[in-house]
Amino acid sequence: MLIMGASGQGKSSLALQLMASGAALVADDRTCLWARNTPAGPELLADAPSTLRGQIEARGLGILHANSVGASPVRLVVDLDRLETERLPPFRSVELLDIRLPLLHRVDSAAFPAAILQYLKAGRSA
């Protein structure tokens, strides 16, 4: 999952919440993206620059060490700059490097990180 948003929107905080629930860190602060072709079609990959690998910022604590999984496919994009206003939002997507990916907007709910993980595990209904 790729988390997008302006500085101070909570990208690292959301990543830390997801990591506490079992997600793995790919990158924090800066992320390298590239496309590759696979037999199933094109996919977007993400990885950390080598100078930042295995590090994540925790505001008020500093830079923390974390296991990093390395290059990973991006299956979902979350835009923290946009607040979701609909209870049952329409399917949204965003195109990055000519690859269309599902897009979620920020939800102001304590369950948002858990809902993201469930979305990644099983998808969603119409």
# chains A, B, ... in the order shown; residues from 1 in each chain; ligands from 1
call {"tool": "closest_atom_pairs", "arguments": {"of": "range 15-52 of chain A", "to": "range 62-74 of chain A", "cutoff": "8 Å", "atoms": "only C-alpha atoms", "output": "Markdown table"}}
result
| residue | atom | partner | partner_atom | distance |
| --- | --- | --- | --- | --- |
| A:Ala24 | CA | A:Val69 | CA | 6.5 |
| A:Leu25 | CA | A:Ser68 | CA | 5.0 |
| A:Val26 | CA | A:Ser68 | CA | 5.3 |
| A:Ala27 | CA | A:Ser68 | CA | 7.3 |
| A:Glu43 | CA | A:Pro73 | CA | 6.7 |
| A:Leu44 | CA | A:Val74 | CA | 5.5 |
| A:Leu45 | CA | A:Pro73 | CA | 4.3 |
| A:Ala46 | CA | A:Ala71 | CA | 5.4 |
| A:Asp47 | CA | A:Ala71 | CA | 4.4 |
| A:Ala48 | CA | A:Gly70 | CA | 7.0 |
call {"tool": "write_last_selection", "arguments": {"atoms": "all heavy atoms", "output": "JSON list (two decimals), in the first residue's frame"}}
result
[["chain", "number", "residue", "atom", "x", "y", "z"],
["A", 24, "ALA", "N", 4.04, -4.93, 7.18],
["A", 24, "ALA", "CA", 5.49, -4.77, 7.08],
["A", 24, "ALA", "C", 5.82, -3.42, 6.46],
["A", 24, "ALA", "O", 5.09, -2.92, 5.61],
["A", 24, "ALA", "CB", 6.09, -5.89, 6.25],
["A", 25, "LEU", "N", 6.92, -2.84, 6.87],
["A", 25, "LEU", "CA", 7.38, -1.56, 6.33],
["A", 25, "LEU", "C", 8.14, -1.77, 5.03],
["A", 25, "LEU", "O", 9.01, -2.64, 4.94],
["A", 25, "LEU", "CB", 8.31, -0.87, 7.34],
["A", 25, "LEU", "CG", 8.94, 0.45, 6.88],
["A", 25, "LEU", "CD1", 7.87, 1.54, 6.76],
["A", 25, "LEU", "CD2", 10.03, 0.88, 7.85],
["A", 26, "VAL", "N", 7.80, -0.98, 4.03],
["A", 26, "VAL", "CA", 8.58, -0.92, 2.81],
["A", 26, "VAL", "C", 9.44, 0.34, 2.85],
["A", 26, "VAL", "O", 10.66, 0.26, 2.75],
["A", 26, "VAL", "CB", 7.69, -0.93, 1.55],
["A", 26, "VAL", "CG1", 8.53, -0.74, 0.29],
["A", 26, "VAL", "CG2", 6.90, -2.23, 1.48],
["A", 27, "ALA", "N", 8.80, 1.50, 3.04],
["A", 27, "ALA", "CA", 9.53, 2.77, 3.04],
["A", 27, "ALA", "C", 8.77, 3.80, 3.85],
["A", 27, "ALA", "O", 7.56, 3.73, 3.98],
["A", 27, "ALA", "CB", 9.71, 3.27, 1.61],
["A", 43, "GLU", "N", 2.65, -4.03, -13.12],
["A", 43, "GLU", "CA", 2.45, -3.78, -11.69],
["A", 43, "GLU", "C", 3.40, -2.68, -11.24],
["A", 43, "GLU", "O", 4.46, -2.48, -11.83],
["A", 43, "GLU", "CB", 2.60, -5.04, -10.84],
["A", 43, "GLU", "CG", 4.00, -5.55, -10.68],
["A", 43, "GLU", "CD", 4.07, -6.77, -9.77],
["A", 43, "GLU", "OE1", 3.06, -7.20, -9.19],
["A", 43, "GLU", "OE2", 5.18, -7.31, -9.62],
["A", 44, "LEU", "N", 2.97, -1.98, -10.20],
["A", 44, "LEU", "CA", 3.77, -0.91, -9.62],
["A", 44, "LEU", "C", 4.52, -1.48, -8.43],
["A", 44, "LEU", "O", 3.95, -2.18, -7.59],
["A", 44, "LEU", "CB", 2.85, 0.23, -9.16],
["A", 44, "LEU", "CG", 3.55, 1.49, -8.65],
["A", 44, "LEU", "CD1", 4.27, 2.20, -9.79],
["A", 44, "LEU", "CD2", 2.54, 2.42, -8.00],
["A", 45, "LEU", "N", 5.81, -1.18, -8.35],
["A", 45, "LEU", "CA", 6.63, -1.62, -7.23],
["A", 45, "LEU", "C", 7.11, -0.42, -6.44],
["A", 45, "LEU", "O", 7.29, 0.67, -6.98],
["A", 45, "LEU", "CB", 7.84, -2.42, -7.73],
["A", 45, "LEU", "CG", 7.45, -3.78, -8.29],
["A", 45, "LEU", "CD1", 8.39, -4.19, -9.37],
["A", 45, "LEU", "CD2", 7.40, -4.80, -7.18],
["A", 46, "ALA", "N", 7.33, -0.64, -5.15],
["A", 46, "ALA", "CA", 7.81, 0.41, -4.25],
["A", 46, "ALA", "C", 8.95, -0.14, -3.42],
["A", 46, "ALA", "O", 8.99, -1.32, -3.07],
["A", 46, "ALA", "CB", 6.68, 0.87, -3.32],
["A", 47, "ASP", "N", 9.90, 0.73, -3.10],
["A", 47, "ASP", "CA", 11.01, 0.37, -2.23],
["A", 47, "ASP", "C", 11.55, 1.64, -1.58],
["A", 47, "ASP", "O", 11.27, 2.76, -2.03],
["A", 47, "ASP", "CB", 12.12, -0.33, -3.02],
["A", 47, "ASP", "CG", 13.05, -1.16, -2.14],
["A", 47, "ASP", "OD1", 12.88, -1.17, -0.90],
["A", 47, "ASP", "OD2", 13.98, -1.78, -2.70],
["A", 48, "ALA", "N", 12.32, 1.46, -0.55],
["A", 48, "ALA", "CA", 12.94, 2.59, 0.15],
["A", 48, "ALA", "C", 14.30, 2.90, -0.47],
["A", 48, "ALA", "O", 15.02, 1.98, -0.90],
["A", 48, "ALA", "CB", 13.14, 2.24, 1.62]]
call {"tool": "select_by_dssp", "arguments": {"residues": "chain A", "states": "helix (DSSP H, G or I)", "output": "ChimeraX atom specification"}}
result
/A:11-20,112-122
call {"tool": "atom_distance", "arguments": {"atom1": "CA of Leu61 in chain A", "atom2": "CA of Pro113 in chain A"}}
result
20.8 Å
call {"tool": "atom_distance", "arguments": {"atom1": "CA of Leu16 in chain A", "atom2": "CA of Leu76 in chain A"}}
result
17.0 Å
call {"tool": "atom_distance", "arguments": {"atom1": "CA of Leu83 in chain A", "atom2": "CA of Val107 in chain A"}}
result
6.1 Å
